[in-house]
There are 2 protein chains.
Amino acid sequence: MYMSKMFIKTLREAPNEAEIASHKLMIRAGLARNLVSGVYSYLPLGIKVLDKIKAIIRDEINKKDAEEILCSALQPKELWEESGRWSDYGKEMFRLKDRNEREFCLGPTHEEIFTNIIKNEITSYKQLPINLYQIQTKYRDERRPRFGLLRTREFIMKDAYSFDKDELGLDKSYNDMYDAYSKIFNRCGLQWKAVLADTGTIGGTGSHQFMALSEVGESDILYCSECDYAADREKAEFMLDEANTIEQQNPYEKIHTPNHTTIEDLCNFIGEPAYKIAKSLVFRVNDKIILALIRGDRELNIVKLCNAIGVIEEAVEMASEIDIRTIGSEPGFIGPIGLKNVEILVDRELKNSTNFYTGANEKDYHFKNVNYGRDFTGKIVDLASASEGDKCPQCGKSMKMERGIEVGQVFKLGTKYSKPMECNYLDESGKKRPMVMGCYGIGVTRILASIIEQHHDENGIIWPVSVAPYHVVVVPVNVKDENQFIKAKEIYEMLKENGIGAILDDRDERAGVKFKDADLIGIPIRITVGKKIGEGIVEFKQRSENNIEEINVNSVLSNVKKVIVKA
Amino acid sequence: MYMSKMFIKTLREAPNEAEIASHKLMIRAGLARNLVSGVYSYLPLGIKVLDKIKAIIRDEINKKDAEEILCSALQPKELWEESGRWSDYGKEMFRLKDRNEREFCLGPTHEEIFTNIIKNEITSYKQLPINLYQIQTKYRDERRPRFGLLRTREFIMKDAYSFDKDELGLDKSYNDMYDAYSKIFNRCGLQWKAVLADTGTIGGTGSHQFMALSEVGESDILYCSECDYAADREKAEFMLDEANTIEQQNPYEKIHTPNHTTIEDLCNFIGEPAYKIAKSLVFRVNDKIILALIRGDRELNIVKLCNAIGVIEEAVEMASEIDIRTIGSEPGFIGPIGLKNVEILVDRELKNSTNFYTGANEKDYHFKNVNYGRDFTGKIVDLASASEGDKCPQCGKSMKMERGIEVGQVFKLGTKYSKPMECNYLDESGKKRPMVMGCYGIGVTRILASIIEQHHDENGIIWPVSVAPYHVVVVPVNVKDENQFIKAKEIYEMLKENGIGAILDDRDERAGVKFKDADLIGIPIRITVGKKIGEGIVEFKQRSENNIEEINVNSVLSNVKKVIVKA
């Protein structure tokens with residue numbers, strides 16, 4: 001197209017609320033516009049990129065014999081009650097009523113719908129396996145939408161659901177999707193890592209997340225420097241240090257610790273490192289009070305806590321001062337000894353710790369030389385987040401930590417949905433069995449943002465060729481120079497005839513303005529038609545490189561093709 | 001693909017609630033499945049057809065220099081308050097609140113959103129005209145979803161919005177879209193008519209609907225047998241018959257008409273034709289009572305009534321018996337003479353009628369020889385629906401009536417949205433002016449249903465080549481016959497290599513079952529590989545024709561191409 005006719009609105013400044021590069025550049029390059037918090041409209045350049053990403057996804061997913069369908073966003077409450085998730089989902093689910101007061105949600109995910117379709121269509125093992133997917137709009141009423149397209153309330157997702165006879169079949173379907181995802185992210189030009197992940201409210205028996213590596217990602221990834229272990233921090237395990245188990249247990253005693261309510265204060269006062277203290281955190285979960293005890297130098301992993309007590313994150317809140325007093329304790333001086341009406345969870349690391357400090361449940365007092373088993377009991381669970389330097393759970397070598405943007409996740413659902421929803425088939429012997437399911441999601445709009453995060457410089461976006469909205473921008477330096485303009489138009493037409501996505505910057509603007517825009521919107525190749533066109537010479541510049549090459553007008557096509565084919 | 005691996009589930013029987021061919025066949029051929037009333041999921045074959053339809057739409061709309069964008073379905077209440085439509089839309093709008101109690105709707109249409117985008121991006125006449133469109137999911141909480149995909153609550157629509165400097169510009173944009181729509185419907189293989197239409201809740205100064213002709217359509221189309229006049233019945237005008245204006249006015253008198261409360265009864269009793277009676281219909285509109293008077297042989301046109309009083313259809317309800325008594329009348333014997341607290345609307349045809357009958361507002365009595373102006377007054381408006389045989393308003397020739405499915409509508413919005421929403425531009429002289437808008441919708445899912453309505457027989461769907469999910473199905477008669485199967489596979493691979501959408505029915509089923517399925521799902525060409533393959537002969541059959549041709553296997557490609565190119 002001619003740029004003068006295109007709806008491309010570039011901006012010099014990003015909005016104040018934009019904190020990260022993809023958010024700023026997406027607005028500045030005119031890819032998208034914000035409507036209300038977490039809700040965007042995609043403008044023509046954004047649509048072009050999304051279409052390229054979708055085409056790559058379809059291509060790779062279709063190769064695995066999955067077929068595309070399209071389900072509604074409107075989903076009736078009854079289906080979610082069958083799976084038991086209507087109440088689980090909490091405030092993240094948009095809910096509404098129709099004119100007859102019937103309750104619906106806007107699908108945050110589609111396990112129920114796909115299970116329902118298959119249940120009604122498939123009866124025999126002969127018809128399995130099946131893998132269906134859709135590229136569709138999802139709705140999640142995020143508590144805090146932010147970072148542009150990274151956390152929105154309406155977004156585009158590819159979700160696939162596989163149905164197999166047994167676990168073996170599921171493993172194949174899962175591996176197929178894992179493989180397709182790997183190819184998709186590679187083709188989109190992303191640097192990524194697949195990591196073990198928690199299954200969250202989706203549920204199931206196993207899961208991997210695909211993380212686009214990025215400083216601005218909201219996920220922490222722990223990975224081993226030696227073996228192939230990699231996990232989301234929510235899920236990551238680590239090997240325990242056995243060092244402090246050899247100490248002899250001393251009798252415990254109460255010590256006066258006036259006003260020392262924080263770990264740091266207490267460490268300074270008693271002159272001991274933080275790992276010698278057992279920190280007590282109190283939560284209210286529905287009507288129960290839970291005390292979680294972990295080592296003072298550790299972070300409590302809320303996902304591990306939720307999994308330990310079998311609830312979703314929204315069900316967990318910090319206990320109030322009143323709650324704390326109700327169990328016989330004192331804020332700032334909480335400990336596990338002598339409490340009532342409370343469930344105590346103890347991080348597995350404390351089981352082998354000796355002579356640690358805890359609060360004494362009395363203002364200005366702590367206990368020292370506390371030992372699990374002897375002085376108190378509680379359920380031993382894994383509650384601590386792994387950190388950089390912790391030991392790999394597979395090989396014991398030191399782990400590293402990086403940040404990532406979750407762009408995809410695959411789940412082994414097993415029979416979590418097929419059992420309650422009675423999605424069964426008849427096996428070879430005529431016996432009814434629940435299908436074994438997997439589900440597989442990719443955040444299409446999140447991929448777009450992740451690509452920008454990984455491919456930009458101070459001047460704008462640098463699209464990988466595979467997802468660039470156009471491959472070439474042809475820029476006549478002076479549109480009023482007839483020869484320049486005609487030649488530029490000829491090059492543009494020639495590229496188009498050869499099936500290359502080209503635009504002609506026919507705007508009556510200074511060359512500098514046009515170059516700036518071309519850089520900002522990130523077109524991979526710029527062909528500049530200036531004064532030297534008289535000698536048959538044009539400038540050839542790749543967005544990803546600094547040097548400008550002067551080439552003969554006759555070799556434009558071959559040079560362009562070289563760049564495009566390479567990608 | 002191999003049919004054994006495809007998710008194609010054909011059914012022998014349609015569900016009971018399916019009344020029309022497109023609904024029955026869409027379910028039987030496995031194009032879509034119903035989730036809840038008016039909400040569907042589209043299965044792989046349905047998606048393929050929808051993709052073809054969308055590609056045709058994009059191709060024709062792009063040719064008019066319109067660009068694709070994508071807006072959210074979630075729309076904040078505030079935008080709809082700016083345009084004044086939040087309260088207008090009534091129960092047809094799905095409304096919901098987010099976690100912060102902020103109000104949203106699910107977009108039934110997108111004038112507000114597009115206007116808001118353009119208002120924020122465009123400032124100068126130099127940037128106009130602009131035409132943007134999207135293919136997106138719309139939500140309308142229909143009172144009575146029915147007829148499969150013809151009236152649903154969640155559906156796919158292409159909507160475009162044009163922004164021009166002035167009416168002249170709008171005319172060009174409107175004509176461009178009209179032209180594109182004509183080409184789209186032709187390419188989709190539809191028999192259609194463009195008709196003048198009412199602008200409804202969208203508003204504006206002019207509109208055409210595109211009607212796919214069909215007995216099952218919910219719209220009546222009036223069109224002239226001589227000139228080019230064609231209009232939706234809601235909108236259609238007609239030329240008045242001047243015949244009964246010459247009669248002399250007689251004095252009016254009360255007559256006893258015991259229990260004759262219907263037009264038919266009364267006609268029989270008094271021995272006069274229905275057009276001699278003026279029928280009185282009483283409505284409650286918000287807090288007002290309205291009496292509408294039309295000739296006894298006419299049907300009241302509710303859209304014309306709404307336009308006459310400036311309200312939407314949902315605001316109008318039949319008056320209760322109490323309402324009728326409140327204005328001093330009597331149910332069954334209502335007339336315009338001697339009422340109180342009522343607004344009287346008189347159909348223009350009665351202005352020139354003489355000596356007609358009306359109710360006397362008293363049980364068991366009517367008046368005869370009533371005349372407008374002399375005996376009562378009221379606002380003269382057009383209230384009557386045109387009918388087959390009425391005179392064309394352009395040329396006076398007799399009009400015909402047909403039924404149609406509304407598949408598209410174009411509107412000249414003028415400044416209906418740009419004025420209240422302050423979507424302005426600076427003109428050549430630096431003066432601020434509101435943009436002049438048009439909007440243009442196509443029901444994508446409705447096109448699919450309309451194509452089936454127009455292209456089917458007792459055995460199933462007969463897809464036009466342009467929208468067929470696949471072009472060719474290759475059927476080995478006996479998959480266990482190795483030679484048949486290998487040759488069938490070769491033909492299938494050869495077609496695919498030549499870019500032809502082909503499927504191979506490799507299922508171990510009787511040939512009759514496979515033929516039935518091929519007919520039901522409507523693949524345009526069937527190549528049957530049977531015993532004669534030994535002699536190099538296969539069967540070539542078009543779905544739209546009865547005869548089966550025996551052709552040499554070497555001419556399969558040329559025969560297929562002939563059919564595809566012709567289309």
# chains A, B, ... in the order shown; residues from 1 in each chain; ligands from 1
>>> interface_residues(of="chain A", to="chain B", cutoff="7 Å", atoms="only C-alpha atoms", output="PDB file with all heavy atoms, in the first residue's frame")
ATOM      1  N   LYS A   9      -0.349   5.575  12.472  1.00  0.00           N
ATOM      2  CA  LYS A   9      -0.231   6.775  13.272  1.00  0.00           C
ATOM      3  C   LYS A   9       0.914   6.554  14.265  1.00  0.00           C
ATOM      4  O   LYS A   9       0.737   5.881  15.276  1.00  0.00           O
ATOM      5  CB  LYS A   9      -1.567   7.021  13.981  1.00  0.00           C
ATOM      6  CG  LYS A   9      -1.739   8.385  14.587  1.00  0.00           C
ATOM      7  CD  LYS A   9      -1.951   9.501  13.572  1.00  0.00           C
ATOM      8  CE  LYS A   9      -1.507  10.850  14.065  1.00  0.00           C
ATOM      9  NZ  LYS A   9      -2.325  11.550  14.992  1.00  0.00           N
ATOM     10  N   VAL A  39      -7.680  -3.553  28.090  1.00  0.00           N
ATOM     11  CA  VAL A  39      -8.476  -3.820  26.886  1.00  0.00           C
ATOM     12  C   VAL A  39      -7.917  -2.984  25.731  1.00  0.00           C
ATOM     13  O   VAL A  39      -7.809  -1.757  25.855  1.00  0.00           O
ATOM     14  CB  VAL A  39      -9.971  -3.492  27.105  1.00  0.00           C
ATOM     15  CG1 VAL A  39     -10.778  -3.778  25.848  1.00  0.00           C
ATOM     16  CG2 VAL A  39     -10.524  -4.291  28.283  1.00  0.00           C
ATOM     17  N   TYR A  40      -7.559  -3.646  24.640  1.00  0.00           N
ATOM     18  CA  TYR A  40      -6.899  -2.983  23.513  1.00  0.00           C
ATOM     19  C   TYR A  40      -7.644  -3.173  22.203  1.00  0.00           C
ATOM     20  O   TYR A  40      -8.352  -4.162  22.008  1.00  0.00           O
ATOM     21  CB  TYR A  40      -5.475  -3.531  23.347  1.00  0.00           C
ATOM     22  CG  TYR A  40      -4.538  -2.998  24.398  1.00  0.00           C
ATOM     23  CD1 TYR A  40      -4.462  -3.590  25.652  1.00  0.00           C
ATOM     24  CD2 TYR A  40      -3.784  -1.854  24.160  1.00  0.00           C
ATOM     25  CE1 TYR A  40      -3.631  -3.079  26.642  1.00  0.00           C
ATOM     26  CE2 TYR A  40      -2.950  -1.333  25.140  1.00  0.00           C
ATOM     27  CZ  TYR A  40      -2.878  -1.948  26.382  1.00  0.00           C
ATOM     28  OH  TYR A  40      -2.064  -1.423  27.337  1.00  0.00           O
ATOM     29  N   SER A  41      -7.433  -2.197  21.289  1.00  0.00           N
ATOM     30  CA  SER A  41      -7.818  -2.367  19.892  1.00  0.00           C
ATOM     31  C   SER A  41      -6.525  -2.495  19.099  1.00  0.00           C
ATOM     32  O   SER A  41      -5.560  -1.786  19.367  1.00  0.00           O
ATOM     33  CB  SER A  41      -8.597  -1.151  19.385  1.00  0.00           C
ATOM     34  OG  SER A  41      -9.784  -0.989  20.123  1.00  0.00           O
ATOM     35  N   TYR A  42      -6.529  -3.382  18.109  1.00  0.00           N
ATOM     36  CA  TYR A  42      -5.349  -3.591  17.276  1.00  0.00           C
ATOM     37  C   TYR A  42      -5.515  -2.848  15.964  1.00  0.00           C
ATOM     38  O   TYR A  42      -6.512  -3.029  15.267  1.00  0.00           O
ATOM     39  CB  TYR A  42      -5.119  -5.089  17.040  1.00  0.00           C
ATOM     40  CG  TYR A  42      -4.985  -5.814  18.350  1.00  0.00           C
ATOM     41  CD1 TYR A  42      -6.072  -6.427  18.948  1.00  0.00           C
ATOM     42  CD2 TYR A  42      -3.777  -5.798  19.040  1.00  0.00           C
ATOM     43  CE1 TYR A  42      -5.963  -7.031  20.190  1.00  0.00           C
ATOM     44  CE2 TYR A  42      -3.650  -6.400  20.277  1.00  0.00           C
ATOM     45  CZ  TYR A  42      -4.748  -7.013  20.852  1.00  0.00           C
ATOM     46  OH  TYR A  42      -4.640  -7.601  22.082  1.00  0.00           O
ATOM     47  N   LEU A  43      -4.545  -2.013  15.647  1.00  0.00           N
ATOM     48  CA  LEU A  43      -4.602  -1.214  14.424  1.00  0.00           C
ATOM     49  C   LEU A  43      -3.980  -2.022  13.275  1.00  0.00           C
ATOM     50  O   LEU A  43      -3.449  -3.116  13.490  1.00  0.00           O
ATOM     51  CB  LEU A  43      -3.895   0.115  14.663  1.00  0.00           C
ATOM     52  CG  LEU A  43      -4.498   0.942  15.821  1.00  0.00           C
ATOM     53  CD1 LEU A  43      -3.845   2.314  15.908  1.00  0.00           C
ATOM     54  CD2 LEU A  43      -6.006   1.100  15.674  1.00  0.00           C
ATOM     55  N   PRO A  44      -4.038  -1.491  12.032  1.00  0.00           N
ATOM     56  CA  PRO A  44      -3.642  -2.314  10.877  1.00  0.00           C
ATOM     57  C   PRO A  44      -2.269  -2.977  10.986  1.00  0.00           C
ATOM     58  O   PRO A  44      -2.139  -4.171  10.668  1.00  0.00           O
ATOM     59  CB  PRO A  44      -3.682  -1.301   9.724  1.00  0.00           C
ATOM     60  CG  PRO A  44      -4.766  -0.359  10.109  1.00  0.00           C
ATOM     61  CD  PRO A  44      -4.631  -0.211  11.599  1.00  0.00           C
ATOM     62  N   ILE A  47      -2.530  -5.869  13.387  1.00  0.00           N
ATOM     63  CA  ILE A  47      -3.270  -6.987  12.785  1.00  0.00           C
ATOM     64  C   ILE A  47      -2.368  -7.799  11.861  1.00  0.00           C
ATOM     65  O   ILE A  47      -2.396  -9.035  11.865  1.00  0.00           O
ATOM     66  CB  ILE A  47      -4.469  -6.440  11.977  1.00  0.00           C
ATOM     67  CG1 ILE A  47      -5.523  -5.886  12.917  1.00  0.00           C
ATOM     68  CG2 ILE A  47      -5.064  -7.518  11.062  1.00  0.00           C
ATOM     69  CD1 ILE A  47      -6.250  -6.944  13.705  1.00  0.00           C
ATOM     70  N   GLU A  67      -7.079 -30.189  14.331  1.00  0.00           N
ATOM     71  CA  GLU A  67      -7.988 -29.449  13.459  1.00  0.00           C
ATOM     72  C   GLU A  67      -8.557 -28.243  14.180  1.00  0.00           C
ATOM     73  O   GLU A  67      -8.836 -28.277  15.377  1.00  0.00           O
ATOM     74  CB  GLU A  67      -9.122 -30.361  13.003  1.00  0.00           C
ATOM     75  CG  GLU A  67      -8.675 -31.385  11.976  1.00  0.00           C
ATOM     76  CD  GLU A  67      -9.865 -32.111  11.384  1.00  0.00           C
ATOM     77  OE1 GLU A  67     -10.323 -33.071  12.011  1.00  0.00           O
ATOM     78  OE2 GLU A  67     -10.345 -31.699  10.321  1.00  0.00           O
ATOM     79  N   GLU A  68      -8.791 -27.191  13.388  1.00  0.00           N
ATOM     80  CA  GLU A  68      -9.267 -25.945  13.984  1.00  0.00           C
ATOM     81  C   GLU A  68     -10.791 -25.943  14.096  1.00  0.00           C
ATOM     82  O   GLU A  68     -11.496 -26.314  13.168  1.00  0.00           O
ATOM     83  CB  GLU A  68      -8.805 -24.753  13.134  1.00  0.00           C
ATOM     84  CG  GLU A  68      -9.152 -23.411  13.775  1.00  0.00           C
ATOM     85  CD  GLU A  68      -8.474 -22.231  13.093  1.00  0.00           C
ATOM     86  OE1 GLU A  68      -7.672 -22.445  12.170  1.00  0.00           O
ATOM     87  OE2 GLU A  68      -8.766 -21.090  13.488  1.00  0.00           O
ATOM     88  N   ILE A  69     -11.262 -25.486  15.229  1.00  0.00           N
ATOM     89  CA  ILE A  69     -12.694 -25.228  15.409  1.00  0.00           C
ATOM     90  C   ILE A  69     -12.824 -23.847  16.043  1.00  0.00           C
ATOM     91  O   ILE A  69     -11.832 -23.145  16.213  1.00  0.00           O
ATOM     92  CB  ILE A  69     -13.388 -26.318  16.271  1.00  0.00           C
ATOM     93  CG1 ILE A  69     -12.961 -26.232  17.742  1.00  0.00           C
ATOM     94  CG2 ILE A  69     -13.080 -27.719  15.738  1.00  0.00           C
ATOM     95  CD1 ILE A  69     -13.835 -27.084  18.660  1.00  0.00           C
ATOM     96  N   LEU A  70     -14.025 -23.432  16.347  1.00  0.00           N
ATOM     97  CA  LEU A  70     -14.201 -22.141  17.034  1.00  0.00           C
ATOM     98  C   LEU A  70     -15.368 -22.255  17.990  1.00  0.00           C
ATOM     99  O   LEU A  70     -16.489 -22.538  17.574  1.00  0.00           O
ATOM    100  CB  LEU A  70     -14.456 -21.012  16.031  1.00  0.00           C
ATOM    101  CG  LEU A  70     -14.682 -19.640  16.666  1.00  0.00           C
ATOM    102  CD1 LEU A  70     -13.430 -19.141  17.378  1.00  0.00           C
ATOM    103  CD2 LEU A  70     -15.115 -18.623  15.618  1.00  0.00           C
ATOM    104  N   CYS A  71     -15.099 -22.040  19.259  1.00  0.00           N
ATOM    105  CA  CYS A  71     -16.164 -22.099  20.265  1.00  0.00           C
ATOM    106  C   CYS A  71     -16.560 -20.697  20.680  1.00  0.00           C
ATOM    107  O   CYS A  71     -15.859 -19.728  20.445  1.00  0.00           O
ATOM    108  CB  CYS A  71     -15.694 -22.889  21.475  1.00  0.00           C
ATOM    109  SG  CYS A  71     -15.373 -24.606  21.086  1.00  0.00           S
ATOM    110  N   SER A  72     -17.689 -20.649  21.332  1.00  0.00           N
ATOM    111  CA  SER A  72     -18.203 -19.356  21.788  1.00  0.00           C
ATOM    112  C   SER A  72     -17.414 -18.864  22.990  1.00  0.00           C
ATOM    113  O   SER A  72     -16.832 -19.650  23.731  1.00  0.00           O
ATOM    114  CB  SER A  72     -19.664 -19.514  22.184  1.00  0.00           C
ATOM    115  OG  SER A  72     -19.782 -20.486  23.199  1.00  0.00           O
ATOM    116  N   LYS A  91     -12.936 -14.013  41.214  1.00  0.00           N
ATOM    117  CA  LYS A  91     -13.193 -12.736  40.564  1.00  0.00           C
ATOM    118  C   LYS A  91     -12.528 -12.599  39.202  1.00  0.00           C
ATOM    119  O   LYS A  91     -12.764 -11.636  38.481  1.00  0.00           O
ATOM    120  CB  LYS A  91     -12.707 -11.606  41.469  1.00  0.00           C
ATOM    121  CG  LYS A  91     -13.623 -11.353  42.640  1.00  0.00           C
ATOM    122  CD  LYS A  91     -13.246 -10.042  43.311  1.00  0.00           C
ATOM    123  CE  LYS A  91     -14.309  -9.646  44.333  1.00  0.00           C
ATOM    124  NZ  LYS A  91     -13.911  -8.445  45.057  1.00  0.00           N
ATOM    125  N   PHE A  94     -15.203 -13.118  34.294  1.00  0.00           N
ATOM    126  CA  PHE A  94     -16.291 -12.188  33.984  1.00  0.00           C
ATOM    127  C   PHE A  94     -17.592 -12.982  33.951  1.00  0.00           C
ATOM    128  O   PHE A  94     -17.705 -13.961  33.216  1.00  0.00           O
ATOM    129  CB  PHE A  94     -16.083 -11.564  32.606  1.00  0.00           C
ATOM    130  CG  PHE A  94     -15.095 -10.435  32.548  1.00  0.00           C
ATOM    131  CD1 PHE A  94     -13.852 -10.610  31.964  1.00  0.00           C
ATOM    132  CD2 PHE A  94     -15.427  -9.184  33.053  1.00  0.00           C
ATOM    133  CE1 PHE A  94     -12.945  -9.559  31.877  1.00  0.00           C
ATOM    134  CE2 PHE A  94     -14.522  -8.132  32.977  1.00  0.00           C
ATOM    135  CZ  PHE A  94     -13.281  -8.316  32.392  1.00  0.00           C
ATOM    136  N   ARG A  95     -18.564 -12.546  34.733  1.00  0.00           N
ATOM    137  CA  ARG A  95     -19.848 -13.248  34.778  1.00  0.00           C
ATOM    138  C   ARG A  95     -20.962 -12.315  34.332  1.00  0.00           C
ATOM    139  O   ARG A  95     -20.890 -11.102  34.561  1.00  0.00           O
ATOM    140  CB  ARG A  95     -20.136 -13.738  36.202  1.00  0.00           C
ATOM    141  CG  ARG A  95     -19.188 -14.847  36.646  1.00  0.00           C
ATOM    142  CD  ARG A  95     -19.112 -14.946  38.160  1.00  0.00           C
ATOM    143  NE  ARG A  95     -17.800 -15.463  38.571  1.00  0.00           N
ATOM    144  CZ  ARG A  95     -17.581 -16.702  39.003  1.00  0.00           C
ATOM    145  NH1 ARG A  95     -18.585 -17.531  39.120  1.00  0.00           N
ATOM    146  NH2 ARG A  95     -16.371 -17.092  39.338  1.00  0.00           N
ATOM    147  N   LEU A  96     -21.975 -12.866  33.712  1.00  0.00           N
ATOM    148  CA  LEU A  96     -23.110 -12.041  33.287  1.00  0.00           C
ATOM    149  C   LEU A  96     -24.364 -12.885  33.201  1.00  0.00           C
ATOM    150  O   LEU A  96     -24.289 -14.114  33.232  1.00  0.00           O
ATOM    151  CB  LEU A  96     -22.817 -11.369  31.944  1.00  0.00           C
ATOM    152  CG  LEU A  96     -22.746 -12.219  30.676  1.00  0.00           C
ATOM    153  CD1 LEU A  96     -22.907 -11.325  29.466  1.00  0.00           C
ATOM    154  CD2 LEU A  96     -21.452 -12.980  30.580  1.00  0.00           C
ATOM    155  N   ASP A  98     -28.163 -13.402  31.052  1.00  0.00           N
ATOM    156  CA  ASP A  98     -28.883 -13.016  29.838  1.00  0.00           C
ATOM    157  C   ASP A  98     -30.253 -12.447  30.216  1.00  0.00           C
ATOM    158  O   ASP A  98     -30.562 -12.281  31.399  1.00  0.00           O
ATOM    159  CB  ASP A  98     -28.954 -14.184  28.848  1.00  0.00           C
ATOM    160  CG  ASP A  98     -29.928 -15.263  29.274  1.00  0.00           C
ATOM    161  OD1 ASP A  98     -30.590 -15.111  30.320  1.00  0.00           O
ATOM    162  OD2 ASP A  98     -30.025 -16.277  28.561  1.00  0.00           O
ATOM    163  N   ARG A  99     -31.073 -12.134  29.210  1.00  0.00           N
ATOM    164  CA  ARG A  99     -32.361 -11.472  29.471  1.00  0.00           C
ATOM    165  C   ARG A  99     -33.294 -12.360  30.282  1.00  0.00           C
ATOM    166  O   ARG A  99     -34.265 -11.861  30.861  1.00  0.00           O
ATOM    167  CB  ARG A  99     -33.005 -11.016  28.171  1.00  0.00           C
ATOM    168  CG  ARG A  99     -33.402 -12.152  27.239  1.00  0.00           C
ATOM    169  CD  ARG A  99     -33.671 -11.637  25.834  1.00  0.00           C
ATOM    170  NE  ARG A  99     -34.716 -10.634  25.816  1.00  0.00           N
ATOM    171  CZ  ARG A  99     -34.805  -9.659  24.922  1.00  0.00           C
ATOM    172  NH1 ARG A  99     -33.890  -9.528  23.988  1.00  0.00           N
ATOM    173  NH2 ARG A  99     -35.791  -8.814  24.952  1.00  0.00           N
ATOM    174  N   GLU A 121     -19.873 -36.266  20.739  1.00  0.00           N
ATOM    175  CA  GLU A 121     -19.591 -36.705  19.369  1.00  0.00           C
ATOM    176  C   GLU A 121     -18.862 -38.041  19.309  1.00  0.00           C
ATOM    177  O   GLU A 121     -18.978 -38.763  18.336  1.00  0.00           O
ATOM    178  CB  GLU A 121     -18.724 -35.657  18.635  1.00  0.00           C
ATOM    179  CG  GLU A 121     -19.302 -34.238  18.612  1.00  0.00           C
ATOM    180  CD  GLU A 121     -20.537 -34.120  17.736  1.00  0.00           C
ATOM    181  OE1 GLU A 121     -20.651 -34.863  16.752  1.00  0.00           O
ATOM    182  OE2 GLU A 121     -21.397 -33.275  18.059  1.00  0.00           O
ATOM    183  N   ASP A 141     -10.616 -11.255  34.118  1.00  0.00           N
ATOM    184  CA  ASP A 141     -10.703  -9.971  34.799  1.00  0.00           C
ATOM    185  C   ASP A 141      -9.530  -9.862  35.777  1.00  0.00           C
ATOM    186  O   ASP A 141      -9.704  -9.989  36.989  1.00  0.00           O
ATOM    187  CB  ASP A 141     -12.053  -9.864  35.512  1.00  0.00           C
ATOM    188  CG  ASP A 141     -12.376  -8.423  35.875  1.00  0.00           C
ATOM    189  OD1 ASP A 141     -11.537  -7.547  35.600  1.00  0.00           O
ATOM    190  OD2 ASP A 141     -13.458  -8.182  36.441  1.00  0.00           O
TER     191      ASP A 141
END
>>> select_by_dssp(residues="region 181-373 of chain B", states="helix (DSSP H, G or I)", output="ChimeraX atom specification")
/B:181-187,200-202,243-245,263-270,274-276,302-309,313-315,321-326,348-351
>>> residues_around(residues="Asp228 (chain A)", least_positions_apart="6", cutoff="10 Å", atoms="only C-alpha atoms", output="PyMOL selection string")
chain A and resi 195+392+394-395
>>> write_last_selection(atoms="C-alpha atoms", output="tab-separated table (two decimals), in the first residue's frame")
chain	number	residue	atom	x	y	z
A	195	VAL	CA	10.21	-25.11	32.17
A	392	CYS	CA	19.29	-28.50	41.43
A	394	GLN	CA	18.02	-33.49	39.82
A	395	CYS	CA	21.80	-33.23	40.05
>>> residues_around(residues="Ser418 (chain A)", least_positions_apart="5", cutoff="6 Å", atoms="only C-alpha atoms", output="count of residues only")
3
>>> select_by_dssp(residues="region 79-126 of chain B", states="strand (DSSP E)", output="PyMOL selection string")
chain B and resi 95-97+103-106
>>> residues_around(residues="Pro331 (chain B)", least_positions_apart="2", cutoff="10 Å", atoms="only C-alpha atoms", output="ChimeraX atom specification")
/B:261,282,320-325,329,333-335,359,361-363
